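So this one's entry.cif, mmCIF, C-alpha atoms:
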data_target
loop_
_atom_site.label_atom_id
_atom_site.label_comp_id
_atom_site.auth_asym_id
_atom_site.auth_seq_id
_atom_site.Cartn_x
_atom_site.Cartn_y
_atom_site.Cartn_z
CA MET V 1 15.89 16.92 -6.78
CA GLU V 2 17.45 14.07 -4.83
CA THR V 3 16.38 13.94 -1.18
CA ILE V 4 19.38 13.55 1.12
CA ILE V 5 17.61 13.81 4.51
CA GLN V 6 14.03 12.81 5.35
CA VAL V 7 12.60 13.58 8.75
CA LYS V 8 9.39 11.62 9.29
CA ASP V 9 7.07 12.43 12.21
CA VAL V 10 9.99 12.98 14.57
CA GLY V 11 9.27 13.68 18.22
CA LYS V 12 11.67 14.04 21.13
CA THR V 13 10.69 13.95 24.81
CA PHE V 14 13.09 14.57 27.68
CA ILE V 15 11.97 12.93 30.95
CA GLY V 16 13.39 14.41 34.13
CA LYS V 17 12.84 13.74 37.81
CA GLU V 18 10.50 16.68 38.22
CA ASN V 19 9.09 17.32 34.75
CA THR V 20 8.79 16.09 31.17
CA VAL V 21 9.68 18.30 28.23
CA GLU V 22 8.31 17.57 24.77
CA ALA V 23 11.03 19.30 22.73
CA LEU V 24 9.85 18.14 19.29
CA LYS V 25 6.39 17.14 18.11
CA GLY V 26 5.70 15.41 14.78
CA ILE V 27 8.36 17.10 12.63
CA ASN V 28 8.32 16.27 8.90
CA LEU V 29 11.01 17.66 6.58
CA ASP V 30 12.60 16.79 3.23
CA ILE V 31 16.05 18.30 2.60
CA HIS V 32 17.44 17.94 -0.91
CA LYS V 33 21.01 17.39 -1.97
CA GLY V 34 22.97 20.61 -2.55
CA GLU V 35 20.55 22.88 -0.69
CA ILE V 36 21.45 25.41 1.97
CA TYR V 37 18.53 24.75 4.30
CA GLY V 38 17.70 27.04 7.21
CA ILE V 39 15.99 25.86 10.38
CA ILE V 40 14.94 28.91 12.36
CA GLY V 41 13.14 29.58 15.60
CA MET V 42 13.32 31.60 18.78
CA SER V 43 15.31 30.37 21.81
CA GLY V 44 13.78 27.20 23.22
CA ALA V 45 11.85 26.39 20.03
CA GLY V 46 13.54 22.98 19.64
CA LYS V 47 15.76 23.70 16.63
CA SER V 48 19.03 22.56 18.27
CA THR V 49 17.36 19.36 19.43
CA LEU V 50 16.20 18.79 15.86
CA VAL V 51 19.67 19.23 14.38
CA ARG V 52 21.11 16.77 16.91
CA CYS V 53 18.46 14.26 15.82
CA LEU V 54 19.69 14.55 12.22
CA ASN V 55 22.92 12.73 13.11
CA PHE V 56 21.49 10.79 16.06
CA LEU V 57 23.50 12.58 18.71
CA GLU V 58 19.96 12.68 20.11
CA LYS V 59 17.82 9.66 19.26
CA PRO V 60 14.22 10.66 18.50
CA THR V 61 11.56 9.35 20.88
CA THR V 62 9.24 8.80 17.92
CA GLY V 63 9.54 8.89 14.13
CA THR V 64 12.46 8.23 11.79
CA VAL V 65 15.42 10.05 10.28
CA VAL V 66 16.56 8.78 6.89
CA VAL V 67 19.94 9.90 5.49
CA GLU V 68 20.76 8.90 1.90
CA GLY V 69 18.11 6.20 2.06
CA LYS V 70 19.29 4.74 5.38
CA ASP V 71 17.08 4.76 8.47
CA LEU V 72 19.48 5.80 11.23
CA ALA V 73 17.50 3.92 13.88
CA ALA V 74 18.06 0.64 12.00
CA LEU V 75 21.86 0.98 11.84
CA SER V 76 24.34 -0.80 14.05
CA GLY V 77 26.76 1.26 16.15
CA LYS V 78 29.52 0.74 13.58
CA GLU V 79 27.24 1.69 10.65
CA LEU V 80 26.07 4.81 12.51
CA ARG V 81 29.67 5.89 13.14
CA GLN V 82 30.42 5.43 9.44
CA ILE V 83 27.48 7.55 8.30
CA ARG V 84 28.36 10.23 10.86
CA MET V 85 31.65 10.64 9.01
CA GLN V 86 29.51 12.06 6.19
CA ILE V 87 27.64 14.45 8.52
CA ALA V 88 29.97 17.11 9.90
CA MET V 89 28.97 19.73 12.46
CA ILE V 90 30.11 23.18 13.56
CA PHE V 91 28.98 25.02 16.68
CA GLN V 92 28.52 28.49 18.13
CA HIS V 93 31.56 28.20 20.40
CA PHE V 94 33.93 26.53 17.91
CA ASN V 95 34.96 23.59 20.21
CA LEU V 96 38.63 23.75 19.20
CA LEU V 97 41.35 21.94 21.16
CA MET V 98 43.23 24.77 22.86
CA GLN V 99 46.47 22.80 23.34
CA ARG V 100 46.75 22.02 19.64
CA THR V 101 47.84 24.26 16.79
CA VAL V 102 45.41 25.20 14.04
CA LEU V 103 46.92 22.56 11.73
CA ASP V 104 46.71 19.86 14.42
CA ASN V 105 43.08 20.77 15.18
CA ILE V 106 42.18 20.10 11.55
CA CYS V 107 44.19 16.86 11.56
CA PHE V 108 42.35 15.56 14.63
CA PRO V 109 39.30 13.96 12.90
CA LEU V 110 41.62 12.43 10.31
CA GLU V 111 43.74 10.87 13.08
CA ILE V 112 40.58 9.39 14.61
CA ALA V 113 39.67 7.99 11.17
CA GLY V 114 43.08 6.28 11.05
CA GLN V 115 44.68 8.36 8.30
CA LYS V 116 48.48 8.53 8.22
CA LYS V 117 50.01 11.67 9.72
CA LYS V 118 51.70 12.90 6.52
CA LYS V 119 48.52 12.56 4.45
CA ALA V 120 46.43 14.16 7.21
CA ARG V 121 48.72 17.20 7.42
CA GLN V 122 48.65 17.59 3.63
CA ARG V 123 44.83 17.54 3.69
CA ALA V 124 44.79 20.03 6.59
CA LYS V 125 46.99 22.47 4.65
CA GLU V 126 44.62 22.24 1.66
CA LEU V 127 41.67 23.01 3.91
CA LEU V 128 43.43 25.98 5.52
CA GLU V 129 43.87 27.42 2.04
CA ILE V 130 40.16 26.92 1.30
CA VAL V 131 39.16 28.87 4.44
CA GLY V 132 41.82 31.54 3.89
CA LEU V 133 44.03 30.80 6.91
CA SER V 134 47.18 29.27 5.45
CA GLU V 135 49.36 31.69 7.42
CA LYS V 136 47.82 30.56 10.75
CA ALA V 137 48.81 26.88 10.56
CA GLY V 138 51.18 27.10 13.54
CA ALA V 139 49.01 29.41 15.66
CA TYR V 140 46.98 28.30 18.68
CA PRO V 141 43.24 28.99 19.06
CA ALA V 142 43.87 31.59 21.79
CA GLN V 143 45.76 33.67 19.23
CA LEU V 144 42.82 33.80 16.80
CA SER V 145 39.80 36.06 16.46
CA GLY V 146 36.28 34.61 16.68
CA GLY V 147 35.90 34.59 12.91
CA GLN V 148 39.26 32.85 12.46
CA LYS V 149 38.32 30.21 15.03
CA GLN V 150 35.10 29.50 13.15
CA ARG V 151 37.05 29.18 9.90
CA VAL V 152 39.29 26.60 11.58
CA ALA V 153 36.17 24.78 12.82
CA ILE V 154 34.80 24.76 9.26
CA ALA V 155 38.10 23.41 7.90
CA ARG V 156 38.11 20.69 10.56
CA ALA V 157 34.50 19.78 9.70
CA LEU V 158 35.44 19.41 6.02
CA ALA V 159 38.45 17.17 6.75
CA THR V 160 36.60 13.89 6.19
CA ASN V 161 34.91 15.08 2.95
CA PRO V 162 31.38 15.12 4.38
CA LYS V 163 28.28 15.28 2.23
CA ILE V 164 26.31 17.21 4.88
CA LEU V 165 27.39 20.12 7.09
CA LEU V 166 25.27 20.98 10.14
CA CYS V 167 25.77 24.51 11.51
CA ASP V 168 24.26 25.01 14.97
CA GLU V 169 24.11 28.79 15.63
CA ALA V 170 27.54 28.97 13.98
CA THR V 171 27.50 32.77 13.62
CA SER V 172 25.71 33.77 16.83
CA ALA V 173 28.95 34.64 18.67
CA LEU V 174 30.27 36.78 15.80
CA ASP V 175 29.88 40.44 14.90
CA PRO V 176 27.81 41.34 11.79
CA THR V 177 30.79 41.86 9.47
CA THR V 178 32.43 38.58 10.48
CA THR V 179 29.07 36.82 10.20
CA LYS V 180 28.74 37.95 6.57
CA SER V 181 32.24 36.67 5.77
CA ILE V 182 31.52 33.26 7.36
CA LEU V 183 28.21 32.97 5.50
CA ALA V 184 29.96 33.88 2.24
CA LEU V 185 32.52 31.13 2.94
CA LEU V 186 29.76 28.58 3.59
CA LYS V 187 27.98 29.57 0.38
CA ASP V 188 31.24 29.20 -1.56
CA ILE V 189 31.84 25.75 -0.05
CA ASN V 190 28.28 24.71 -0.94
CA GLU V 191 28.70 25.78 -4.56
CA LYS V 192 32.22 24.43 -5.10
CA TYR V 193 31.92 21.10 -3.31
CA ASP V 194 28.16 20.39 -3.54
CA ILE V 195 27.90 19.94 0.22
CA THR V 196 24.39 20.14 1.63
CA ILE V 197 24.39 22.72 4.43
CA ILE V 198 21.80 22.93 7.21
CA ILE V 199 21.90 26.14 9.24
CA ILE V 200 20.26 26.36 12.66
CA THR V 201 19.69 29.97 13.72
CA HIS V 202 17.35 32.39 15.47
CA GLU V 203 18.20 35.19 13.01
CA MET V 204 16.11 35.64 9.87
CA ALA V 205 18.93 37.76 8.36
CA VAL V 206 21.21 34.70 8.35
CA VAL V 207 18.61 32.61 6.52
CA GLN V 208 17.93 35.39 4.01
CA GLU V 209 21.64 35.83 3.33
CA ILE V 210 22.40 32.35 1.96
CA CYS V 211 19.58 29.80 2.42
CA THR V 212 17.40 28.51 -0.40
CA HIS V 213 14.75 26.91 1.81
CA VAL V 214 13.65 27.40 5.39
CA ALA V 215 11.71 25.59 8.11
CA ILE V 216 10.31 27.56 11.04
CA ILE V 217 10.16 25.74 14.38
CA ASP V 218 7.88 27.09 17.11
CA GLY V 219 7.25 25.40 20.43
CA GLY V 220 8.67 22.11 19.17
CA CYS V 221 6.35 22.07 16.15
CA LEU V 222 6.96 22.76 12.48
CA ALA V 223 5.13 26.05 11.91
CA GLU V 224 5.97 26.68 8.26
CA THR V 225 8.26 25.58 5.41
CA GLY V 226 9.03 26.86 1.93
CA THR V 227 11.57 28.74 -0.10
CA VAL V 228 13.08 31.71 1.70
CA GLU V 229 11.46 34.06 -0.80
CA GLU V 230 8.01 32.49 -0.26
CA VAL V 231 8.23 32.73 3.52
CA PHE V 232 9.56 36.30 3.43
CA THR V 233 6.98 37.46 0.90
CA ARG V 234 3.94 35.66 2.34
CA PRO V 235 4.49 34.46 5.92
CA ARG V 236 1.41 32.42 6.82
CA THR V 237 1.85 31.82 10.55
CA ARG V 238 2.35 34.03 13.57
CA ALA V 239 5.77 32.43 14.22
CA ALA V 240 6.90 33.23 10.67
CA ARG V 241 5.66 36.80 10.89
CA LYS V 242 7.46 37.35 14.17
CA LEU V 243 10.74 36.30 12.55
CA VAL V 244 10.16 38.19 9.29
CA PHE V 245 9.32 41.34 11.25
CA GLN V 246 12.51 41.17 13.34
CA GLY V 247 13.84 44.68 13.70
CA GLY V 248 10.36 46.15 13.74
CA THR V 249 7.53 45.38 16.08
CA GLU V 250 4.65 42.97 15.75
CA SER V 251 2.60 44.81 18.33
CA GLY V 252 2.70 48.08 16.47
CA GLU V 253 4.48 50.31 18.99
CA ILE V 254 6.17 52.31 16.23
CA GLY V 255 3.93 55.12 15.13
CA ARG V 256 1.14 54.25 17.56
CA ASN V 257 0.92 57.82 18.83
CA LEU V 258 0.71 59.24 15.31
CA ALA V 259 -1.98 56.98 13.93
CA THR V 260 -5.68 56.58 14.57
CA GLY V 261 -6.68 53.99 11.94
CA LYS V 262 -6.69 50.31 12.95
CA ARG V 263 -6.16 48.90 9.45
CA CYS V 264 -2.56 47.98 8.59
CA ILE V 265 -1.06 46.39 5.49
CA ARG V 266 2.30 44.89 4.64
CA ILE V 267 3.78 45.58 1.20
CA VAL V 268 6.62 43.57 -0.29
CA PHE V 269 8.86 45.30 -2.82
CA LYS V 270 10.73 43.19 -5.31
CA GLU V 271 13.45 44.16 -7.73
CA ASN V 272 11.05 45.67 -10.26
CA SER V 273 9.40 48.04 -7.78
CA SER V 274 12.02 48.99 -5.21
CA PHE V 275 13.13 52.13 -7.01
CA GLU V 276 9.66 53.54 -7.74
CA PRO V 277 8.29 56.25 -5.38
CA VAL V 278 5.12 54.20 -5.09
CA ILE V 279 4.09 55.29 -1.56
CA GLY V 280 4.53 58.97 -2.37
CA ASN V 281 2.53 58.53 -5.56
CA MET V 282 -0.19 56.64 -3.66
CA VAL V 283 -0.54 59.46 -1.10
CA LEU V 284 -0.73 62.04 -3.90
CA ALA V 285 -3.30 60.02 -5.83
CA CYS V 286 -5.53 59.30 -2.80
CA LYS V 287 -5.04 62.75 -1.21
CA GLU V 288 -4.71 61.21 2.28
CA PRO V 289 -1.61 60.39 4.37
CA ALA V 290 -0.57 56.92 5.54
CA ASN V 291 1.78 56.17 8.44
CA ILE V 292 4.91 54.07 7.79
CA LEU V 293 5.28 51.78 10.84
CA LEU V 294 8.12 49.63 9.53
CA ALA V 295 10.42 49.71 6.50
CA ASP V 296 13.48 47.64 5.69
CA THR V 297 15.26 45.80 2.90
CA LYS V 298 16.64 42.27 2.72
CA ASP V 299 19.01 40.53 0.35
CA ILE V 300 17.51 37.16 -0.59
CA GLY V 301 19.55 35.06 -2.96
CA GLY V 302 21.40 38.14 -4.21
CA VAL V 303 18.18 40.01 -5.05
CA ALA V 304 17.01 43.05 -3.08
CA HIS V 305 13.60 42.68 -1.42
CA GLY V 306 11.96 45.29 0.73
CA GLN V 307 9.00 45.36 3.07
CA MET V 308 6.93 48.17 4.48
CA ILE V 309 4.05 48.21 6.95
CA LEU V 310 1.56 51.03 6.50
CA GLN V 311 -1.21 52.25 8.77
CA LEU V 312 -4.08 53.34 6.55
CA PRO V 313 -6.59 56.17 7.16
CA GLU V 314 -9.74 55.48 9.18
CA ASP V 315 -11.89 56.25 6.12
CA GLU V 316 -12.55 52.76 4.69
CA ALA V 317 -13.16 54.06 1.17
CA VAL V 318 -9.76 55.78 1.13
CA ALA V 319 -8.08 52.69 2.62
CA GLU V 320 -9.61 50.47 -0.09
CA LYS V 321 -8.49 52.94 -2.75
CA MET V 322 -4.92 52.80 -1.43
CA ILE V 323 -4.90 49.00 -1.43
CA ALA V 324 -6.27 48.92 -4.98
CA TYR V 325 -3.62 51.45 -6.09
CA LEU V 326 -0.82 49.27 -4.72
CA LYS V 327 -2.21 46.04 -6.19
CA GLU V 328 -2.55 47.69 -9.61
CA ARG V 329 1.21 48.26 -9.47
CA LYS V 330 1.77 44.51 -8.94
CA LEU V 331 2.87 44.81 -5.33
CA GLU V 332 2.29 42.05 -2.77
CA VAL V 333 -0.25 43.45 -0.30
CA GLU V 334 -1.12 41.58 2.89
CA GLU V 335 -3.57 42.80 5.53
CA LEU V 336 -2.32 42.49 9.13
CA GLU V 337 -4.73 41.86 11.97
CA HIS V 338 -4.19 43.45 15.39
CA TYR V 339 -0.92 45.15 14.41
CA VAL V 340 -2.13 48.30 16.19
CA GLY V 341 -4.90 48.90 18.66
#
So that I can check it, write out the structure of this file as structure tokens.
Amino acid sequence: METIIQVKDVGKTFIGKENTVEALKGINLDIHKGEIYGIIGMSGAGKSTLVRCLNFLEKPTTGTVVVEGKDLAALSGKELRQIRMQIAMIFQHFNLLMQRTVLDNICFPLEIAGQKKKKARQRAKELLEIVGLSEKAGAYPAQLSGGQKQRVAIARALATNPKILLCDEATSALDPTTTKSILALLKDINEKYDITIIIITHEMAVVQEICTHVAIIDGGCLAETGTVEEVFTRPRTRAARKLVFQGGTESGEIGRNLATGKRCIRIVFKENSSFEPVIGNMVLACKEPANILLADTKDIGGVAHGQMILQLPEDEAVAEKMIAYLKERKLEVEELEHYVG
């Protein structure tokens, strides 16, 4: 696949009067054309700083960012402005001009680019149709819901026909239902117009909903990268596990009072196993109970995946028998250290 963005050993340090903050440390990423790429991390991890380095709104302290073969640091001011026309951005709080109508908000970047008013308005109407808001052309932002405002922001971002769309926590201010509709719109735009989309978020559910690949940022460092399925199925780092286990608990508080065994395993169910009563059959076969500490399902790329964390009996022979039983049924089984106790 063609690489559209290369991030090479990027670091970013903010120097203040009283302290110095190293927001990014040696980040290396390759993002390919047409991907929906997720960059995820907890608050303060450095992900928003990273996304602002991708279009040089923040200039990296060290390293290089290459977009379509061009090193952004080597470009003149004029050349950088030109390439930024191909890198659109949407934000958590929409950033619409409150005094302008919806149509005029979408026309705004076209006016800056010097396009004639009639042509700009025609393009804006086309974009409103794409985002499903044709009837709101004359409305003002204050008259719109949060989801409608984000749709206007997406239409405005698409006005200059960008090749890359950066989404910085674009769904964080929205309710779950509206979030799903915005993500569905972004996926549709990616497929229809071959726009590479980079989504910055702290929510694993957002990444699992539409992303193909993911990078996990932790403490300014790149903790883990891979396909979304790989990271969900086999998270290698503590930062990845913390995000994958969102909605449960990494410290094992659920079920702690019921269990005595210290050995815990994580099972990943894929499409071929999600409808089999495998845990019930395991308990019957091994004649010992196991505690379910966490169970949930995720939709990854349109395919149902489930995960379950089990606390096994103290008897090591029985625990080994249970693990063997699950592996024989082609389930992913991962042992978790220090989940309880």
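For the structure in this document, the set picked by the PyMOL selection byres ((chain V and resi 309) around 10) is Phe245, Gly248, Gly252, Cys264, Ile265, Arg266, Ile267, Val268, Ala290, Asn291, Ile292, Leu293, Leu294, Ala295, Asp296, Gln307, Met308, Leu310, Gln311, Leu312, Val333, Glu334, Glu335, Leu336 and Tyr339 of chain V.
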task = Step by step, work through what the PyMOL selection byres ((chain V and resi 218) around 12) selects in the shown file, and finish by giving those residues as a ChimeraX atom specification.
result = /V:23-25,27,39-47,50,202,215-217,219-225,237-243
Written as a PDB file with C-alpha atoms, in the frame of the given file, which residues does the PyMOL selection byres ((chain V and resi 102) around 7) give for the file shown?
ATOM      1  CA  ARG V 100      46.750  22.020  19.640  1.00  0.00           C
ATOM      2  CA  THR V 101      47.840  24.260  16.790  1.00  0.00           C
ATOM      3  CA  LEU V 103      46.920  22.560  11.730  1.00  0.00           C
ATOM      4  CA  ASP V 104      46.710  19.860  14.420  1.00  0.00           C
ATOM      5  CA  ASN V 105      43.080  20.770  15.180  1.00  0.00           C
ATOM      6  CA  ILE V 106      42.180  20.100  11.550  1.00  0.00           C
ATOM      7  CA  LYS V 136      47.820  30.560  10.750  1.00  0.00           C
ATOM      8  CA  ALA V 137      48.810  26.880  10.560  1.00  0.00           C
ATOM      9  CA  GLY V 138      51.180  27.100  13.540  1.00  0.00           C
ATOM     10  CA  ALA V 139      49.010  29.410  15.660  1.00  0.00           C
ATOM     11  CA  TYR V 140      46.980  28.300  18.680  1.00  0.00           C
ATOM     12  CA  PRO V 141      43.240  28.990  19.060  1.00  0.00           C
ATOM     13  CA  VAL V 152      39.290  26.600  11.580  1.00  0.00           C
TER      14      VAL V 152
END
query = Mind pulling up the distance from atom CA of His93 of chain V to atom CA of Leu144 of chain V?
reply = 13.1 Å
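For the pair atom CA of Ala153 of chain V and atom CA of Met204 of chain V, the separation is 23.0 Å.
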inquiry  = Give me the residues near segment 56-64 of chain V as number ranges by chain, where near means some atom within 8 Å (using all atoms listed in the file) and where sequence neighbours in that chain fewer than 3 positions away do not count.
reply    = V: 7-13, 26, 49, 52-53, 71-73
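We find atom CA of Phe94 of chain V and atom CA of Gly38 of chain V to be spaced 19.4 Å apart.
Here the question is which of V:Lys180, V:Arg329, V:Lys116, V:Lys262 gets nearest to Glu209 of chain V using only C-alpha atoms, and that residue is V:Lys180.
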key: Pick from V:Ala155, V:Ile199, V:Met89, V:Ile323, whichever lies nearest to Ile31 of chain V using only C-alpha atoms   = V:Ile199
inquiry  = Between V:Ala142, V:Ile200, V:Met1, V:Leu186, which residue has the minimum interatomic distance to Met98 of chain V, considering all atoms listed in the file?
reply    = V:Ala142
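Checking V:Ile36, V:Cys167, V:Ala124, V:Val283 one by one against Pro313 of chain V, counting only C-alpha atoms, you find the shortest gap at V:Val283.
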